[in-house]
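A.B. asks: Contents of model_33.csv (CSV, C-alpha atoms) are given next:
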```csv
chain,number,residue,atom,x,y,z
A,193,MET,CA,-14.8,-15.9,41.7
A,194,ALA,CA,-13.5,-13.8,39.0
A,195,ILE,CA,-15.4,-13.3,35.8
A,196,PHE,CA,-13.4,-12.3,32.8
A,197,THR,CA,-15.1,-10.6,30.0
A,198,PRO,CA,-13.2,-10.9,26.8
A,199,PRO,CA,-12.6,-7.6,25.0
A,200,THR,CA,-14.6,-7.1,21.8
A,201,ASN,CA,-12.6,-8.3,18.8
A,202,GLN,CA,-13.9,-5.5,16.6
A,203,GLU,CA,-13.1,-1.9,16.6
A,204,SER,CA,-14.1,0.9,14.4
A,205,PHE,CA,-12.8,4.5,14.3
A,206,PHE,CA,-12.6,7.5,12.0
A,207,VAL,CA,-9.5,7.8,10.0
A,208,SER,CA,-10.4,11.3,8.9
A,209,GLU,CA,-13.3,13.7,8.5
A,210,MET,CA,-12.5,16.3,5.9
A,211,SER,CA,-14.4,19.3,4.8
A,212,LEU,CA,-13.2,21.4,2.0
A,213,LYS,CA,-15.0,24.7,1.7
A,214,ASN,CA,-15.1,26.5,-1.5
A,215,PRO,CA,-11.4,26.4,-2.3
A,216,THR,CA,-10.4,27.6,-5.8
A,217,LEU,CA,-8.1,24.6,-6.0
A,218,MET,CA,-8.7,21.7,-3.6
A,219,PRO,CA,-5.5,20.6,-2.0
A,220,ASP,CA,-4.2,17.1,-2.1
A,221,GLY,CA,-3.8,15.7,1.4
A,222,LEU,CA,-2.8,13.0,3.7
A,223,THR,CA,-4.8,11.8,6.8
A,224,ARG,CA,-3.1,11.0,10.1
A,225,TRP,CA,-1.5,7.7,10.6
A,226,VAL,CA,-3.6,5.1,12.5
A,227,ASP,CA,-2.2,2.0,14.2
A,228,VAL,CA,-3.9,-1.1,12.8
A,229,GLY,CA,-1.3,-3.5,14.2
A,230,ARG,CA,-3.9,-5.4,16.2
A,231,PHE,CA,-6.2,-6.2,13.3
A,232,ARG,CA,-5.8,-9.0,10.8
A,233,GLN,CA,-8.7,-7.9,8.5
A,234,GLY,CA,-9.9,-4.5,7.8
A,235,CYS,CA,-12.2,-2.3,5.7
A,236,ILE,CA,-12.3,1.3,5.0
A,237,ASP,CA,-15.7,3.0,4.4
A,238,VAL,CA,-15.9,6.4,2.8
A,239,ASP,CA,-19.0,8.5,2.9
A,240,MET,CA,-19.5,11.6,0.7
A,241,PRO,CA,-22.8,13.4,1.3
A,242,ALA,CA,-24.5,15.4,-1.4
A,243,ALA,CA,-22.6,18.5,-2.4
A,244,ALA,CA,-23.3,21.5,-4.5
A,245,GLY,CA,-20.9,22.9,-7.1
A,246,SER,CA,-18.9,21.3,-9.8
A,247,GLY,CA,-15.5,21.0,-11.3
A,248,THR,CA,-13.3,18.5,-9.4
A,249,SER,CA,-12.6,14.8,-9.2
A,250,THR,CA,-11.4,13.1,-6.0
A,251,GLN,CA,-9.4,10.0,-5.6
A,252,ILE,CA,-8.8,8.3,-2.2
A,253,TRP,CA,-6.6,5.4,-1.4
A,254,ALA,CA,-4.8,3.7,1.6
A,255,GLN,CA,-1.0,3.8,2.3
A,256,VAL,CA,1.1,1.8,4.7
A,257,ALA,CA,4.5,2.4,6.4
A,258,ASP,CA,7.2,0.1,7.7
A,259,ARG,CA,8.1,2.0,10.8
A,260,ASP,CA,6.4,4.1,13.5
A,261,PRO,CA,5.4,7.4,11.9
A,262,GLU,CA,5.5,9.0,15.3
A,263,ILE,CA,9.2,8.3,15.6
A,264,GLU,CA,10.0,8.7,11.9
A,265,PRO,CA,7.5,11.3,10.6
A,266,ASP,CA,9.6,12.5,7.8
A,267,ASP,CA,8.1,11.2,4.5
A,268,THR,CA,11.2,12.4,2.6
A,269,LEU,CA,13.3,9.9,4.6
A,270,TRP,CA,10.8,7.0,5.0
A,271,PRO,CA,8.3,6.8,2.2
A,272,ALA,CA,4.8,5.3,2.3
A,273,TRP,CA,3.6,2.5,0.1
A,274,ASP,CA,0.3,2.3,-1.7
A,275,LEU,CA,-1.9,-0.5,-0.3
A,276,PRO,CA,-4.2,-2.3,-2.8
A,277,ALA,CA,-7.5,-3.5,-1.6
A,278,ASP,CA,-9.0,-7.0,-2.2
A,279,PHE,CA,-12.4,-5.6,-3.1
A,280,GLU,CA,-13.8,-2.2,-3.6
A,281,LEU,CA,-17.5,-1.6,-4.0
A,282,LYS,CA,-19.6,1.6,-4.4
A,283,ASN,CA,-23.1,1.6,-3.2
A,284,GLY,CA,-25.5,0.8,-6.0
A,285,GLU,CA,-23.0,-1.2,-8.0
A,286,THR,CA,-23.5,-4.9,-8.2
A,287,SER,CA,-19.9,-6.1,-8.9
A,288,ALA,CA,-16.9,-5.2,-6.8
A,289,GLN,CA,-13.6,-4.1,-8.3
A,290,VAL,CA,-10.8,-6.5,-7.5
A,291,ASN,CA,-7.3,-5.5,-6.5
A,292,TRP,CA,-7.9,-1.8,-7.0
A,293,ARG,CA,-5.8,0.7,-5.2
A,294,ASN,CA,-8.3,3.5,-5.2
A,295,ILE,CA,-11.1,3.3,-2.7
A,296,VAL,CA,-12.8,6.3,-4.3
A,297,ASN,CA,-11.8,6.5,-8.0
A,298,GLY,CA,-13.1,9.8,-9.1
A,299,ALA,CA,-15.9,11.4,-7.2
A,300,SER,CA,-17.2,14.9,-8.1
A,301,PRO,CA,-19.9,17.1,-6.6
A,302,GLY,CA,-22.2,16.0,-9.4
A,303,SER,CA,-21.8,12.3,-8.6
A,304,VAL,CA,-22.4,12.3,-4.9
A,305,PRO,CA,-23.9,11.3,-2.5
A,306,GLY,CA,-21.8,8.2,-2.6
A,307,ARG,CA,-20.5,5.5,-0.3
A,308,TRP,CA,-17.6,3.3,-1.0
A,309,SER,CA,-16.2,0.3,0.9
A,310,ALA,CA,-12.8,-1.3,0.4
A,311,VAL,CA,-11.9,-4.7,2.0
A,312,TYR,CA,-8.4,-5.8,3.1
A,313,LYS,CA,-8.7,-9.5,3.7
A,314,HIS,CA,-5.2,-9.9,5.1
A,315,LEU,CA,-4.0,-6.8,6.8
A,316,ALA,CA,-0.3,-7.3,7.5
A,317,ALA,CA,0.3,-3.6,8.0
A,318,ARG,CA,0.9,-1.8,11.3
A,319,TYR,CA,0.4,1.8,10.2
A,320,LEU,CA,-2.1,3.0,7.7
A,321,ARG,CA,-3.3,6.4,6.4
A,322,LEU,CA,-5.3,7.7,3.5
A,323,LYS,CA,-4.1,9.8,0.6
A,324,VAL,CA,-6.3,12.1,-1.3
A,325,THR,CA,-5.8,13.8,-4.6
A,326,HIS,CA,-8.0,16.2,-6.6
A,327,SER,CA,-8.0,17.1,-10.2
A,328,GLY,CA,-9.6,20.3,-11.3
A,329,SER,CA,-10.9,23.3,-9.4
A,330,TYR,CA,-13.9,23.1,-7.2
A,331,SER,CA,-16.5,25.8,-7.7
A,332,GLY,CA,-19.4,26.1,-5.3
A,333,ALA,CA,-20.4,27.7,-2.1
A,334,ASP,CA,-21.3,24.7,0.1
A,335,GLY,CA,-18.1,22.7,0.0
A,336,PHE,CA,-17.2,19.1,-0.8
A,337,THR,CA,-17.0,16.9,2.2
A,338,TRP,CA,-16.2,13.3,3.0
A,339,SER,CA,-15.4,11.1,6.0
A,340,ALA,CA,-13.6,7.8,6.2
A,341,ARG,CA,-13.9,5.1,8.8
A,342,PHE,CA,-11.7,2.1,9.4
A,343,THR,CA,-13.1,-1.1,10.9
A,344,GLY,CA,-10.8,-4.0,11.9
A,345,LYS,CA,-11.0,-7.4,13.5
B,170,MET,CA,23.6,0.6,0.6
B,171,ALA,CA,24.2,0.7,-3.2
B,172,LEU,CA,24.8,-2.6,-4.9
B,173,SER,CA,26.1,-3.5,-8.3
B,174,ALA,CA,25.9,-7.3,-8.3
B,175,SER,CA,23.3,-10.0,-7.7
B,176,GLY,CA,23.0,-11.4,-4.2
B,177,PHE,CA,20.7,-12.0,-1.3
B,178,GLY,CA,20.0,-10.6,2.2
B,179,PRO,CA,20.3,-12.2,5.6
B,180,ALA,CA,18.1,-15.1,6.5
B,181,VAL,CA,15.3,-13.9,8.9
B,182,PRO,CA,13.4,-16.5,11.0
B,183,VAL,CA,9.6,-16.0,10.8
B,184,PRO,CA,8.2,-19.1,12.5
B,185,HIS,CA,5.3,-17.2,14.1
B,186,MET,CA,4.5,-14.8,11.2
B,187,THR,CA,1.4,-16.0,9.2
B,188,MET,CA,1.0,-13.0,6.9
B,189,ALA,CA,3.4,-10.4,5.7
B,190,MET,CA,3.9,-7.5,3.4
B,191,ALA,CA,7.2,-6.8,1.7
B,192,LEU,CA,8.1,-3.2,1.1
B,193,LEU,CA,10.8,-2.4,-1.4
B,194,HIS,CA,12.3,1.1,-1.5
B,195,ILE,CA,14.6,1.9,-4.3
B,196,ALA,CA,16.4,5.1,-3.5
B,197,SER,CA,18.4,5.4,-6.7
B,198,GLY,CA,19.5,3.6,-9.8
B,199,GLU,CA,22.1,4.1,-12.5
B,200,GLY,CA,23.7,2.2,-15.3
B,201,SER,CA,23.1,1.3,-19.0
B,202,PHE,CA,20.6,-1.5,-19.6
B,203,GLY,CA,19.6,-3.6,-22.5
B,204,GLY,CA,16.4,-5.5,-22.8
B,205,GLY,CA,15.8,-7.6,-19.7
B,206,GLN,CA,18.7,-6.0,-17.8
B,207,GLY,CA,18.4,-4.1,-14.6
B,208,LEU,CA,17.3,-4.9,-11.1
B,209,ALA,CA,14.9,-7.6,-10.0
B,210,VAL,CA,14.0,-8.2,-6.3
B,211,TRP,CA,12.0,-11.1,-4.9
B,212,LEU,CA,11.6,-13.1,-1.7
B,213,GLN,CA,12.8,-16.7,-0.9
B,214,VAL,CA,11.8,-19.0,1.9
B,215,SER,CA,13.5,-22.0,3.5
B,216,ASP,CA,12.1,-24.9,5.5
B,217,ASP,CA,15.5,-26.2,6.6
B,218,GLU,CA,17.0,-23.2,8.4
B,219,GLY,CA,18.5,-21.7,5.2
B,220,LEU,CA,20.1,-24.7,3.7
B,221,THR,CA,17.9,-24.6,0.6
B,222,TRP,CA,15.8,-21.7,-0.7
B,223,TYR,CA,12.7,-21.5,-2.8
B,224,ASP,CA,11.3,-18.5,-4.6
B,225,LEU,CA,8.1,-17.1,-3.0
B,226,PRO,CA,5.3,-15.7,-5.2
B,227,LEU,CA,3.4,-12.7,-4.0
B,228,ASP,CA,-0.4,-12.7,-3.7
B,229,GLN,CA,-0.6,-9.0,-4.6
B,230,SER,CA,2.0,-6.6,-5.8
B,231,SER,CA,1.9,-3.0,-7.0
B,232,LYS,CA,4.1,0.1,-7.5
B,233,THR,CA,3.4,3.2,-5.4
B,234,SER,CA,2.3,6.1,-7.5
B,235,ALA,CA,1.8,9.7,-6.6
B,236,SER,CA,-0.8,10.0,-9.4
B,237,GLY,CA,-4.5,9.7,-8.6
B,238,THR,CA,-4.9,7.4,-11.6
B,239,ASN,CA,-6.1,4.0,-10.2
B,240,VAL,CA,-3.6,1.1,-10.0
B,241,VAL,CA,-4.8,-2.5,-10.2
B,242,ALA,CA,-2.5,-4.8,-8.3
B,243,ASP,CA,-0.8,-7.7,-10.0
B,244,THR,CA,-1.4,-11.1,-8.6
B,245,HIS,CA,0.8,-14.2,-8.2
B,246,LYS,CA,4.0,-12.6,-9.5
B,247,ARG,CA,7.4,-13.5,-8.1
B,248,ASN,CA,9.2,-10.1,-8.4
B,249,LEU,CA,8.5,-7.5,-5.8
B,250,SER,CA,10.2,-4.9,-8.1
B,251,GLY,CA,7.5,-5.0,-10.8
B,252,THR,CA,6.6,-7.2,-13.7
B,253,THR,CA,9.4,-5.9,-15.8
B,254,VAL,CA,13.0,-5.6,-14.8
B,255,HIS,CA,13.6,-2.3,-13.0
B,256,GLN,CA,15.7,0.1,-15.0
B,257,ALA,CA,14.6,3.5,-13.8
B,258,THR,CA,16.6,6.1,-11.9
B,259,GLY,CA,15.2,8.0,-9.0
B,260,ALA,CA,13.2,6.8,-6.0
B,261,HIS,CA,10.5,4.1,-6.3
B,262,GLN,CA,8.4,2.0,-3.9
B,263,PHE,CA,7.0,-1.4,-4.5
B,264,PHE,CA,4.5,-3.3,-2.3
B,265,GLY,CA,4.0,-7.1,-2.1
B,266,LEU,CA,1.5,-9.1,0.0
B,267,ILE,CA,2.0,-12.7,1.3
B,268,ARG,CA,-1.4,-13.7,2.6
B,269,HIS,CA,-0.3,-17.0,4.2
B,270,LEU,CA,3.3,-17.2,5.1
B,271,VAL,CA,4.2,-20.8,5.8
B,272,GLY,CA,7.9,-20.7,5.4
B,273,LYS,CA,10.1,-20.8,8.5
B,274,THR,CA,12.9,-18.5,7.2
B,275,ILE,CA,12.7,-15.8,4.7
B,276,ARG,CA,15.2,-13.6,2.8
B,277,ALA,CA,15.3,-11.1,-0.1
B,278,ALA,CA,17.1,-12.1,-3.3
B,279,TRP,CA,18.1,-9.8,-6.2
B,280,SER,CA,19.6,-9.9,-9.6
B,281,ILE,CA,21.5,-7.0,-11.1
B,282,THR,CA,22.6,-6.9,-14.7
B,283,GLY,CA,23.6,-4.3,-17.2
B,284,THR,CA,26.6,-2.0,-17.8
B,285,GLY,CA,27.8,-0.2,-14.7
B,286,PRO,CA,24.6,-0.9,-12.7
B,287,LEU,CA,24.3,0.6,-9.3
B,288,PHE,CA,21.1,0.4,-7.2
B,289,ALA,CA,20.5,1.7,-3.7
B,290,PHE,CA,17.5,-0.2,-2.2
B,291,GLU,CA,16.2,-1.8,0.9
B,292,VAL,CA,13.5,-4.4,1.6
B,293,ALA,CA,11.4,-4.4,4.7
B,294,LEU,CA,9.1,-7.2,5.9
B,295,VAL,CA,6.2,-6.3,8.1
B,296,GLY,CA,4.0,-9.2,9.4
B,297,LYS,CA,1.7,-10.6,11.9
```
Now, as a test, write the supplied structure out as structure tokens.
C.D. replies:
Amino acid sequence: MAIFTPPTNQESFFVSEMSLKNPTLMPDGLTRWVDVGRFRQGCIDVDMPAAAGSGTSTQIWAQVADRDPEIEPDDTLWPAWDLPADFELKNGETSAQVNWRNIVNGASPGSVPGRWSAVYKHLAARYLRLKVTHSGSYSGADGFTWSARFTGK
Amino acid sequence: MALSASGFGPAVPVPHMTMAMALLHIASGEGSFGGGQGLAVWLQVSDDEGLTWYDLPLDQSSKTSASGTNVVADTHKRNLSGTTVHQATGAHQFFGLIRHLVGKTIRAAWSITGTGPLFAFEVALVGK
């Protein structure tokens, strides 16, 4: 008799863990592409631990692509599209932001620790990544770090 | 492919697709435009294999921006190309989400107006 155990219908994995140590001007960046083709709903959780220093503001949001980035990795030929979330909520706030693009909408060393969660109720995308921008120069010895995790069903 | 007149793309059967995102990439645009003139792109669905077509509103739509300034997506708009007629030159990307795609066949439609208009663009549909 064969017993079949269905696979779990939930997966969770890191999109990126990024640590920026004492740069004079924090670089903007893109995470790796992740394949989310098997998920119909998803959320992205961003965790920023406490950081010393001051002087920068960080924004993070999701982008999608319409073709396999491993085959067509050149952004100049095949651009990415910003992906709006359905809900975005920062820990401690009691009302979610609706239809916001930015998951993290301005975090600075003075405003963390902080945790943000963005929900995508209908995830039609196949490929997803995060884009990060910084305004201002970070000054501090300990760095400004964050990590992002994608969870899908 | 650069286009200078209104039209529509090929009919694409999507009987098993229940959600989709539409991705518009405008590579370039040129021409002289008065108020309300320019490029507008939207989706249409058909339930009779392409005999008759109906405009399809988007659940969410937004324009991609390199700026960190937050963007709040529009809801329940028809046009994938923004809430105003697109008149800009240069490259631009627009995103649209269809949460529940119940049409059997889908296509892109566009209107192009103005003096000497020429737009190079493509529409991709990604769905599950």
A.B. asks: Determine, for each residue of chain B having at least one atom at most 9 Å from an atom of chain A, the closest pair of atoms and their separation in Å to one decimal, counting all atoms listed in the file; order by chain and ascending number, as JSON lines.
C.D. replies:
```
{"residue": "B:Met188", "atom": "CA", "partner": "A:Ala316", "partner_atom": "CA", "distance": 5.9}
{"residue": "B:Ala189", "atom": "CA", "partner": "A:Ala316", "partner_atom": "CA", "distance": 5.2}
{"residue": "B:Met190", "atom": "CA", "partner": "A:Ala316", "partner_atom": "CA", "distance": 5.9}
{"residue": "B:Leu192", "atom": "CA", "partner": "A:Trp273", "partner_atom": "CA", "distance": 7.3}
{"residue": "B:Leu193", "atom": "CA", "partner": "A:Trp273", "partner_atom": "CA", "distance": 8.8}
{"residue": "B:His194", "atom": "CA", "partner": "A:Pro271", "partner_atom": "CA", "distance": 7.9}
{"residue": "B:Gln229", "atom": "CA", "partner": "A:Asn291", "partner_atom": "CA", "distance": 7.8}
{"residue": "B:Ser230", "atom": "CA", "partner": "A:Pro276", "partner_atom": "CA", "distance": 8.1}
{"residue": "B:Ser231", "atom": "CA", "partner": "A:Pro276", "partner_atom": "CA", "distance": 7.4}
{"residue": "B:Lys232", "atom": "CA", "partner": "A:Asp274", "partner_atom": "CA", "distance": 7.3}
{"residue": "B:Thr233", "atom": "CA", "partner": "A:Asp274", "partner_atom": "CA", "distance": 4.9}
{"residue": "B:Ser234", "atom": "CA", "partner": "A:Asp274", "partner_atom": "CA", "distance": 7.2}
{"residue": "B:Ala235", "atom": "CA", "partner": "A:Thr325", "partner_atom": "CA", "distance": 8.9}
{"residue": "B:Ser236", "atom": "CA", "partner": "A:Thr325", "partner_atom": "CA", "distance": 7.9}
{"residue": "B:Gly237", "atom": "CA", "partner": "A:Gln251", "partner_atom": "CA", "distance": 5.8}
{"residue": "B:Thr238", "atom": "CA", "partner": "A:Asn297", "partner_atom": "CA", "distance": 7.8}
{"residue": "B:Asn239", "atom": "CA", "partner": "A:Asn294", "partner_atom": "CA", "distance": 5.5}
{"residue": "B:Val240", "atom": "CA", "partner": "A:Arg293", "partner_atom": "CA", "distance": 5.3}
{"residue": "B:Val241", "atom": "CA", "partner": "A:Trp292", "partner_atom": "CA", "distance": 4.5}
{"residue": "B:Ala242", "atom": "CA", "partner": "A:Asn291", "partner_atom": "CA", "distance": 5.2}
{"residue": "B:Asp243", "atom": "CA", "partner": "A:Asn291", "partner_atom": "CA", "distance": 7.7}
{"residue": "B:Thr244", "atom": "CA", "partner": "A:Asn291", "partner_atom": "CA", "distance": 8.4}
{"residue": "B:Gln262", "atom": "CA", "partner": "A:Trp273", "partner_atom": "CA", "distance": 6.3}
{"residue": "B:Phe263", "atom": "CA", "partner": "A:Trp273", "partner_atom": "CA", "distance": 6.9}
{"residue": "B:Phe264", "atom": "CA", "partner": "A:Trp273", "partner_atom": "CA", "distance": 6.3}
{"residue": "B:Leu266", "atom": "CA", "partner": "A:Ala316", "partner_atom": "CA", "distance": 7.9}
{"residue": "B:Ile267", "atom": "CA", "partner": "A:Ala316", "partner_atom": "CA", "distance": 8.5}
{"residue": "B:Arg268", "atom": "CA", "partner": "A:His314", "partner_atom": "CA", "distance": 5.9}
{"residue": "B:His269", "atom": "CA", "partner": "A:His314", "partner_atom": "CA", "distance": 8.7}
{"residue": "B:Ala293", "atom": "CA", "partner": "A:Asp258", "partner_atom": "CA", "distance": 6.8}
{"residue": "B:Leu294", "atom": "CA", "partner": "A:Asp258", "partner_atom": "CA", "distance": 7.8}
{"residue": "B:Val295", "atom": "CA", "partner": "A:Ala317", "partner_atom": "CA", "distance": 6.5}
{"residue": "B:Gly296", "atom": "CA", "partner": "A:Ala316", "partner_atom": "CA", "distance": 5.1}
{"residue": "B:Lys297", "atom": "CA", "partner": "A:Ala316", "partner_atom": "CA", "distance": 5.9}
```
A.B. asks: Could you check the closest approach to A:Leu222 for each of A:Ala243, A:Leu281, A:Ala254, A:Ala288 and tell me which residue wins, using all atoms listed in the file?
C.D. replies: A:Ala254
A.B. asks: Could you name the residues that touch B:Thr258 at 7 Å or less, counting all atoms listed in the file, but leaving out those on the same chain fewer than 3 positions away, as a ChimeraX atom specification?
C.D. replies: /B:197-199
A.B. asks: In the coordinate frame of the file, compute which residues have an atom within 8 Å of (-20.6, 9.3, 1.2) when using only C-alpha atoms, and state them as a list of chain:residue names.
C.D. replies: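 Collected hits near the coordinates: A:Val238, A:Asp239, A:Met240, A:Pro241, A:Ala242, A:Val304, A:Pro305, A:Gly306, A:Arg307, A:Trp308, A:Trp338, A:Ser339.
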A.B. asks: When you draw a straight line from atom CA of A:Glu280 to atom CA of A:Trp225, how long is it in Å?
C.D. replies: 21.2 Å
A.B. asks: Would you compute the distance between atom CA of B:Gln206 and atom CA of B:Thr284? Give it in Å to one decimal.
C.D. replies: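 Atom CA of B:Thr284 lies 8.9 Å from atom CA of B:Gln206.
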A.B. asks: Suppose you want the space between atom CA of B:Thr187 and atom CA of A:Asp227; what is it in Å?
C.D. replies: 19.0 Å
A.B. asks: Nearest residue to B:Leu220 out of B:Gly285, B:Arg247, B:Ser280, B:Thr274, using only C-alpha atoms?
C.D. replies: B:Thr274
A.B. asks: So, counting all atoms listed in the file, which residue among B:Val181, B:Met170, B:Leu249, B:Met186 is closest to B:Glu291?
C.D. replies: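 Checking each of B:Val181, B:Met170, B:Leu249, B:Met186 against B:Glu291, counting all atoms listed in the file, the winner is B:Met170.
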A.B. asks: Ranking A:Tyr330, A:Pro301, A:Tyr319, A:Asp260 by minimum distance to A:Val226 and counting only C-alpha atoms, which one comes first?
C.D. replies: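 Answer, going by the shortest atom-to-atom distance: A:Tyr319.
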A.B. asks: Which residue gives the smallest distance to B:Gly204 among B:Asp216, B:Val292, B:Val254, B:Tyr223, with only C-alpha atoms counted?
C.D. replies: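 Ranking B:Asp216, B:Val292, B:Val254, B:Tyr223 by distance to B:Gly204, first place goes to B:Val254.
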